[in-house]
file query08.json (JSON, C-alpha atoms)
[["chain", "number", "residue", "atom", "x", "y", "z"],
["H", 1, "MET", "CA", -3.63, -117.77, 10.76],
["H", 2, "VAL", "CA", -0.48, -115.70, 10.77],
["H", 3, "THR", "CA", 2.51, -118.00, 10.37],
["H", 4, "ILE", "CA", 6.01, -116.53, 10.29],
["H", 5, "ALA", "CA", 8.62, -118.45, 8.32],
["H", 6, "ARG", "CA", 11.83, -118.10, 10.25],
["H", 7, "VAL", "CA", 15.52, -118.63, 9.59],
["H", 8, "ALA", "CA", 18.43, -118.83, 12.00],
["H", 9, "ALA", "CA", 21.70, -117.03, 11.37],
["H", 10, "VAL", "CA", 24.31, -115.71, 13.78],
["H", 11, "LEU", "CA", 27.17, -113.25, 13.47],
["H", 12, "LEU", "CA", 29.02, -113.49, 16.77],
["H", 13, "TYR", "CA", 31.65, -111.03, 17.98],
["H", 14, "ALA", "CA", 33.55, -111.43, 21.26],
["H", 15, "THR", "CA", 34.40, -107.92, 22.39],
["H", 16, "GLY", "CA", 36.48, -108.05, 25.51],
["H", 17, "GLY", "CA", 35.95, -109.65, 28.88],
["H", 18, "THR", "CA", 37.29, -112.95, 30.15],
["H", 19, "ALA", "CA", 34.77, -115.72, 30.59],
["H", 20, "LEU", "CA", 34.90, -117.50, 33.94],
["H", 21, "ALA", "CA", 33.84, -121.06, 34.56],
["H", 22, "ALA", "CA", 30.11, -121.63, 34.79],
["H", 23, "ASP", "CA", 28.62, -123.16, 37.93],
["H", 24, "GLN", "CA", 26.08, -125.93, 37.50],
["H", 25, "GLU", "CA", 24.68, -127.89, 40.42],
["H", 26, "GLY", "CA", 22.07, -130.58, 40.25],
["H", 27, "GLY", "CA", 22.39, -132.54, 43.50],
["H", 28, "SER", "CA", 19.45, -130.82, 45.20],
["H", 29, "GLY", "CA", 17.20, -130.92, 42.16],
["H", 30, "VAL", "CA", 18.20, -127.38, 41.24],
["H", 31, "ALA", "CA", 20.46, -126.65, 38.27],
["H", 32, "THR", "CA", 22.19, -123.26, 38.47],
["H", 33, "TRP", "CA", 24.32, -121.25, 36.08],
["H", 34, "ARG", "CA", 26.06, -118.07, 37.30],
["H", 35, "LEU", "CA", 26.22, -116.88, 33.67],
["H", 36, "ASP", "CA", 29.74, -115.53, 34.09],
["H", 37, "SER", "CA", 30.74, -117.51, 30.99],
["H", 38, "LEU", "CA", 29.50, -117.97, 27.44],
["H", 39, "ASP", "CA", 30.42, -121.67, 27.50],
["H", 40, "PRO", "CA", 26.94, -123.06, 28.40],
["H", 41, "LEU", "CA", 25.21, -121.06, 25.68],
["H", 42, "GLU", "CA", 24.37, -121.71, 22.04],
["H", 43, "LEU", "CA", 23.39, -118.48, 20.29],
["H", 44, "ARG", "CA", 20.71, -118.27, 17.64],
["H", 45, "GLY", "CA", 19.61, -115.18, 15.76],
["H", 46, "ILE", "CA", 16.12, -115.62, 14.34],
["H", 47, "SER", "CA", 14.56, -113.31, 11.79],
["H", 48, "GLU", "CA", 11.64, -113.40, 9.42],
["H", 49, "ALA", "CA", 12.31, -115.25, 6.18],
["H", 50, "GLY", "CA", 13.90, -113.04, 3.56],
["H", 51, "THR", "CA", 15.46, -110.52, 5.94],
["H", 52, "ASP", "CA", 19.13, -110.02, 6.68],
["H", 53, "PRO", "CA", 20.91, -112.26, 9.22],
["H", 54, "VAL", "CA", 20.80, -111.10, 12.81],
["H", 55, "THR", "CA", 23.87, -109.34, 14.18],
["H", 56, "ILE", "CA", 24.69, -110.32, 17.75],
["H", 57, "ARG", "CA", 27.47, -108.89, 19.91],
["H", 58, "THR", "CA", 28.15, -110.73, 23.14],
["H", 59, "HIS", "CA", 30.71, -110.96, 25.88],
["H", 60, "VAL", "CA", 31.05, -111.35, 29.64],
["H", 61, "SER", "CA", 31.29, -108.09, 31.57],
["H", 62, "ASP", "CA", 30.78, -106.45, 34.95],
["H", 63, "TYR", "CA", 27.43, -104.71, 35.23],
["H", 64, "ARG", "CA", 26.00, -103.06, 38.33],
["H", 65, "GLY", "CA", 28.02, -105.06, 40.80],
["H", 66, "ARG", "CA", 28.09, -108.50, 39.22],
["H", 67, "ARG", "CA", 29.62, -110.55, 36.42],
["H", 68, "ALA", "CA", 27.07, -111.20, 33.68],
["H", 69, "VAL", "CA", 26.54, -112.32, 30.10],
["H", 70, "ARG", "CA", 25.94, -109.28, 27.89],
["H", 71, "ILE", "CA", 24.03, -109.75, 24.61],
["H", 72, "VAL", "CA", 23.29, -106.99, 22.12],
["H", 73, "ASN", "CA", 20.72, -107.62, 19.40],
["H", 74, "GLU", "CA", 21.51, -105.01, 16.75],
["H", 75, "GLU", "CA", 18.66, -106.00, 14.46],
["H", 76, "GLY", "CA", 15.86, -103.45, 14.55],
["H", 77, "PRO", "CA", 12.34, -103.85, 13.18],
["H", 78, "SER", "CA", 11.96, -102.99, 9.51],
["H", 79, "ALA", "CA", 8.75, -101.86, 7.85],
["H", 80, "GLY", "CA", 5.93, -104.30, 8.48],
["H", 81, "THR", "CA", 7.90, -106.58, 10.84],
["H", 82, "SER", "CA", 8.44, -106.83, 14.55],
["H", 83, "GLY", "CA", 12.19, -107.30, 14.37],
["H", 84, "ALA", "CA", 14.55, -110.17, 15.00],
["H", 85, "GLU", "CA", 15.00, -112.22, 18.16],
["H", 86, "VAL", "CA", 18.05, -113.71, 19.81],
["H", 87, "LEU", "CA", 18.05, -116.93, 21.80],
["H", 88, "ALA", "CA", 20.97, -118.02, 23.94],
["H", 89, "ILE", "CA", 20.03, -121.66, 24.48],
["H", 90, "VAL", "CA", 21.39, -123.32, 27.63],
["H", 91, "ARG", "CA", 22.74, -126.52, 26.09],
["H", 92, "SER", "CA", 22.55, -128.78, 29.15],
["H", 93, "SER", "CA", 19.07, -127.69, 30.19],
["H", 94, "GLU", "CA", 16.02, -129.89, 29.79],
["H", 95, "PHE", "CA", 12.72, -128.52, 31.00],
["H", 96, "ARG", "CA", 9.11, -129.66, 31.00],
["H", 97, "ASP", "CA", 7.44, -128.47, 34.23],
["H", 98, "GLY", "CA", 8.90, -126.56, 37.15],
["H", 99, "THR", "CA", 10.35, -123.16, 37.93],
["H", 100, "ILE", "CA", 12.88, -120.98, 36.12],
["H", 101, "GLU", "CA", 14.47, -117.98, 37.85],
["H", 102, "LEU", "CA", 16.78, -115.44, 36.25],
["H", 103, "ASP", "CA", 18.16, -111.93, 36.86],
["H", 104, "VAL", "CA", 17.88, -109.67, 33.82],
["H", 105, "ALA", "CA", 18.70, -106.05, 33.00],
["H", 106, "GLY", "CA", 17.89, -104.47, 29.67],
["H", 107, "SER", "CA", 17.36, -101.26, 27.75],
["H", 108, "PRO", "CA", 17.28, -100.06, 24.14],
["H", 109, "ARG", "CA", 20.77, -100.12, 22.62],
["H", 110, "GLN", "CA", 22.56, -96.96, 21.60],
["H", 111, "GLY", "CA", 21.16, -95.82, 18.25],
["H", 112, "ALA", "CA", 17.95, -97.84, 18.65],
["H", 113, "ARG", "CA", 14.81, -96.83, 16.84],
["H", 114, "PRO", "CA", 12.30, -94.69, 18.81],
["H", 115, "ALA", "CA", 9.84, -97.59, 19.10],
["H", 116, "SER", "CA", 12.40, -99.82, 20.83],
["H", 117, "ARG", "CA", 11.55, -100.74, 24.41],
["H", 118, "GLY", "CA", 14.41, -102.93, 25.66],
["H", 119, "PHE", "CA", 12.96, -106.42, 25.18],
["H", 120, "ILE", "CA", 14.38, -109.12, 27.48],
["H", 121, "GLY", "CA", 13.10, -112.40, 28.88],
["H", 122, "ILE", "CA", 13.08, -116.17, 29.28],
["H", 123, "ALA", "CA", 12.24, -118.79, 26.65],
["H", 124, "PHE", "CA", 11.35, -122.33, 27.70],
["H", 125, "ARG", "CA", 10.52, -125.68, 26.11],
["H", 126, "VAL", "CA", 12.78, -124.59, 23.25],
["H", 127, "GLN", "CA", 12.81, -127.07, 20.36],
["H", 128, "ASP", "CA", 14.34, -127.47, 16.89],
["H", 129, "GLY", "CA", 17.32, -125.22, 17.55],
["H", 130, "GLY", "CA", 15.13, -122.29, 18.52],
["H", 131, "GLN", "CA", 12.44, -122.57, 15.88],
["H", 132, "ARG", "CA", 9.77, -123.48, 18.44],
["H", 133, "TYR", "CA", 9.45, -122.14, 21.98],
["H", 134, "GLU", "CA", 7.31, -120.43, 24.62],
["H", 135, "ALA", "CA", 8.49, -117.16, 26.19],
["H", 136, "PHE", "CA", 7.76, -114.48, 28.72],
["H", 137, "TYR", "CA", 9.52, -111.18, 28.17],
["H", 138, "LEU", "CA", 9.55, -107.63, 29.50],
["H", 139, "ARG", "CA", 9.42, -104.30, 27.69],
["H", 140, "MET", "CA", 11.72, -102.50, 30.08],
["H", 141, "THR", "CA", 10.92, -98.87, 29.22],
["H", 142, "ASN", "CA", 7.16, -99.44, 29.41],
["H", 143, "GLY", "CA", 6.93, -100.06, 33.16],
["H", 144, "ARG", "CA", 7.18, -96.40, 34.12],
["H", 145, "ALA", "CA", 5.97, -94.73, 30.93],
["H", 146, "GLU", "CA", 3.58, -91.79, 31.22],
["H", 147, "ASP", "CA", 1.28, -93.43, 28.66],
["H", 148, "GLN", "CA", -1.00, -95.91, 30.45],
["H", 149, "LEU", "CA", -1.44, -98.06, 27.33],
["H", 150, "ARG", "CA", 2.33, -98.56, 27.16],
["H", 151, "ARG", "CA", 2.33, -99.54, 30.83],
["H", 152, "ASN", "CA", -0.30, -102.17, 30.10],
["H", 153, "HIS", "CA", 2.14, -103.72, 27.60],
["H", 154, "SER", "CA", 5.04, -104.18, 30.06],
["H", 155, "ALA", "CA", 4.99, -108.00, 30.34],
["H", 156, "GLN", "CA", 4.33, -110.25, 27.34],
["H", 157, "TYR", "CA", 3.79, -113.92, 26.51],
["H", 158, "ALA", "CA", 4.58, -115.23, 23.02],
["H", 159, "SER", "CA", 4.87, -118.63, 21.37],
["H", 160, "GLN", "CA", 6.86, -119.20, 18.21],
["H", 161, "PRO", "CA", 6.43, -119.82, 15.40],
["H", 162, "ASP", "CA", 2.63, -119.53, 15.19],
["H", 163, "PHE", "CA", 1.71, -117.10, 17.99],
["H", 164, "PRO", "CA", 3.99, -114.04, 18.01],
["H", 165, "TRP", "CA", 3.03, -111.11, 20.22],
["H", 166, "ASN", "CA", 1.27, -109.15, 17.48],
["H", 167, "ARG", "CA", -1.08, -112.00, 16.57],
["H", 168, "LEU", "CA", -1.93, -112.59, 20.22],
["H", 169, "ARG", "CA", -2.62, -108.87, 20.75],
["H", 170, "ASP", "CA", -4.76, -108.62, 17.61],
["H", 171, "GLU", "CA", -6.85, -111.70, 18.37],
["H", 172, "ASN", "CA", -7.05, -111.42, 22.18],
["H", 173, "PRO", "CA", -6.33, -107.84, 23.29],
["H", 174, "GLY", "CA", -5.01, -107.70, 26.84],
["H", 175, "LYS", "CA", -5.05, -111.45, 27.48],
["H", 176, "TYR", "CA", -1.37, -112.25, 26.96],
["H", 177, "GLU", "CA", 0.26, -109.07, 28.31],
["H", 178, "SER", "CA", 0.00, -106.95, 31.43],
["H", 179, "TYR", "CA", 1.44, -104.14, 33.52],
["H", 180, "VAL", "CA", 4.34, -104.65, 35.91],
["H", 181, "ASP", "CA", 6.62, -102.07, 37.47],
["H", 182, "LEU", "CA", 10.00, -102.02, 35.71],
["H", 183, "ALA", "CA", 13.07, -99.80, 35.67],
["H", 184, "ALA", "CA", 15.08, -99.89, 32.46],
["H", 185, "GLY", "CA", 18.67, -100.96, 33.05],
["H", 186, "ALA", "CA", 18.07, -102.15, 36.62],
["H", 187, "TRP", "CA", 18.57, -105.73, 37.72],
["H", 188, "THR", "CA", 15.15, -107.40, 37.63],
["H", 189, "ARG", "CA", 14.29, -110.86, 38.93],
["H", 190, "MET", "CA", 12.05, -112.98, 36.70],
["H", 191, "LYS", "CA", 10.43, -116.22, 37.86],
["H", 192, "VAL", "CA", 8.41, -118.48, 35.58],
["H", 193, "GLN", "CA", 6.37, -121.38, 36.95],
["H", 194, "VAL", "CA", 5.15, -123.95, 34.42],
["H", 195, "ALA", "CA", 2.76, -126.89, 34.85],
["H", 196, "GLY", "CA", 1.26, -128.59, 31.82],
["H", 197, "THR", "CA", -0.29, -125.88, 29.67],
["H", 198, "THR", "CA", -0.25, -123.18, 32.37],
["H", 199, "ALA", "CA", 2.55, -120.71, 33.08],
["H", 200, "ARG", "CA", 2.84, -117.87, 35.58],
["H", 201, "LEU", "CA", 5.26, -114.93, 35.48],
["H", 202, "TYR", "CA", 6.46, -113.28, 38.70],
["H", 203, "VAL", "CA", 8.70, -110.19, 38.75],
["H", 204, "ASN", "CA", 11.00, -108.89, 41.49],
["H", 205, "GLY", "CA", 9.90, -111.30, 44.19],
["H", 206, "ALA", "CA", 6.19, -110.51, 44.00],
["H", 207, "ARG", "CA", 3.95, -112.99, 45.81],
["H", 208, "GLU", "CA", 1.39, -112.88, 43.00],
["H", 209, "PRO", "CA", 2.03, -113.34, 39.26],
["H", 210, "CYS", "CA", 1.73, -110.35, 36.97],
["H", 211, "LEU", "CA", 0.73, -112.58, 34.04],
["H", 212, "ILE", "CA", -0.96, -115.98, 33.85],
["H", 213, "VAL", "CA", -1.26, -118.01, 30.64],
["H", 214, "SER", "CA", -3.51, -121.06, 30.88],
["H", 215, "ASP", "CA", -3.25, -122.22, 27.26],
["H", 216, "LEU", "CA", 0.42, -122.52, 26.33],
["H", 217, "LYS", "CA", 0.36, -122.82, 22.56],
["H", 218, "LEU", "CA", 2.88, -125.65, 22.17],
["H", 219, "GLY", "CA", 0.96, -127.84, 24.60],
["H", 220, "PRO", "CA", 2.47, -129.92, 27.45],
["H", 221, "THR", "CA", 5.82, -130.50, 25.77],
["H", 222, "HIS", "CA", 9.48, -130.12, 26.80],
["H", 223, "GLY", "CA", 12.75, -128.62, 25.58],
["H", 224, "ASN", "CA", 15.62, -126.34, 26.52],
["H", 225, "VAL", "CA", 15.67, -123.12, 28.49],
["H", 226, "ALA", "CA", 17.06, -120.01, 26.77],
["H", 227, "LEU", "CA", 17.86, -116.37, 27.42],
["H", 228, "TRP", "CA", 15.73, -114.21, 25.11],
["H", 229, "VAL", "CA", 16.57, -110.78, 23.62],
["H", 230, "GLY", "CA", 14.35, -108.75, 21.31],
["H", 231, "SER", "CA", 15.33, -106.26, 18.63],
["H", 232, "ASP", "CA", 17.48, -103.17, 19.25],
["H", 233, "THR", "CA", 18.25, -104.26, 22.83],
["H", 234, "VAL", "CA", 21.29, -104.50, 25.08],
["H", 235, "ALA", "CA", 20.64, -107.19, 27.69],
["H", 236, "TYR", "CA", 22.44, -108.60, 30.73],
["H", 237, "PHE", "CA", 21.76, -111.98, 32.34],
["H", 238, "SER", "CA", 22.87, -113.47, 35.66],
["H", 239, "ASN", "CA", 22.03, -116.23, 38.15],
["H", 240, "LEU", "CA", 19.88, -118.70, 36.22],
["H", 241, "ALA", "CA", 18.24, -121.46, 38.24],
["H", 242, "VAL", "CA", 15.99, -124.25, 36.95],
["H", 243, "HIS", "CA", 14.11, -126.53, 39.35]]
call {"tool": "encode", "arguments": {"input": "query08.json", "output": "structure tokens"}}
result
Amino acid sequence: MVTIARVAAVLLYATGGTALAADQEGGSGVATWRLDSLDPLELRGISEAGTDPVTIRTHVSDYRGRRAVRIVNEEGPSAGTSGAEVLAIVRSSEFRDGTIELDVAGSPRQGARPASRGFIGIAFRVQDGGQRYEAFYLRMTNGRAEDQLRRNHSAQYASQPDFPWNRLRDENPGKYESYVDLAAGAWTRMKVQVAGTTARLYVNGAREPCLIVSDLKLGPTHGNVALWVGSDTVAYFSNLAVH
């Protein structure tokens, strides 16, 4: 079993932009956050044990016609590792089963390593301050790559700490990732439906899921919802809804 020991450390820099008040509604059974403010979020940078702390730069900005939270994960993968992850945990969220919807836009950051893909997604059932969670994420530059194998790795499921993407790929090739059409930097709608130990990922309003996981590794548990950013990525988030 491959088990990654993980530590949380954050260096946070506010670089311009004025945060507006967040909008949260729960009367209809739907909680919504416009994500035009950093106030609802608790940031965690998570790296493999023994590596440097994660550097995160975040602010609220205008991007492609809307106000959004911008998160840059400056930590790139070093030799033998898959890089650091950033979680922006929605403090007031509590999620077991249901649906999560979120608009995301992502691409490799300026100066990113050639292997960077622009990793962006949704984490759910987040526990222990980000040490344990399930996640679906997108590799934004893979969706329209000329290499078919890269295309097949566009959407990914992972479960931390015991089932990172590389273990899942090594032990079950093709089972926990799939192709989906993506455009790097474009607003992309993600929808995750969760029931018990099964989760389905839908992208850009598709009627059918692009990825189904029937054996969520943490089991039928509960926890927070979080925005997820992989290494060497600039990511934008808007219009989160949980119901």
call {"tool": "closest_residue", "arguments": {"input": "query08.json", "among": "H:Arg132, H:Arg167, H:His153, H:Lys217", "to": "Ile46 of chain H", "atoms": "only C-alpha atoms"}}
result
H:Arg132
call {"tool": "closest_residue", "arguments": {"input": "query08.json", "among": "H:Pro209, H:Gly196, H:Gly76, H:Gly83", "to": "Ala112 of chain H", "atoms": "only C-alpha atoms"}}
result
H:Gly76
call {"tool": "residues_around", "arguments": {"input": "query08.json", "residues": "Leu41 of chain H", "least_positions_apart": "5", "cutoff": "10 Å", "atoms": "only C-alpha atoms", "output": "count of residues only"}}
result
10
call {"tool": "residues_around", "arguments": {"input": "query08.json", "residues": "Asn239 of chain H", "least_positions_apart": "3", "cutoff": "10 Å", "atoms": "only C-alpha atoms", "output": "ChimeraX atom specification"}}
result
/H:23,32-36,66-68,101-104,189
call {"tool": "atom_distance", "arguments": {"input": "query08.json", "atom1": "atom CA of Val203 of chain H", "atom2": "atom CA of Leu138 of chain H"}}
result
9.6 Å
call {"tool": "closest_residue", "arguments": {"input": "query08.json", "among": "H:Ser178, H:Asn73, H:Thr99, H:Thr55", "to": "Tyr137 of chain H", "atoms": "all atoms listed in the file"}}
result
H:Ser178
call {"tool": "atom_distance", "arguments": {"input": "query08.json", "atom1": "atom CA of Arg70 of chain H", "atom2": "atom CA of Ser116 of chain H"}}
result
18.0 Å
call {"tool": "atom_distance", "arguments": {"input": "query08.json", "atom1": "atom CA of Tyr176 of chain H", "atom2": "atom CA of Gly118 of chain H"}}
result
18.4 Å
call {"tool": "closest_residue", "arguments": {"input": "query08.json", "among": "H:Val60, H:Trp228, H:Arg200, H:Tyr179", "to": "Gln148 of chain H", "atoms": "all atoms listed in the file"}}
result
H:Tyr179
call {"tool": "residues_near_point", "arguments": {"input": "query08.json", "point": "(21.7, -99.7, 12.8)", "cutoff": "12 Å", "atoms": "all atoms listed in the file", "output": "number ranges by chain"}}
result
H: 54-55, 72-78, 109-113, 231-233
call {"tool": "closest_residue", "arguments": {"input": "query08.json", "among": "H:Pro40, H:Gly106, H:Gly130, H:Gly219", "to": "Arg64 of chain H", "atoms": "all atoms listed in the file"}}
result
H:Gly106
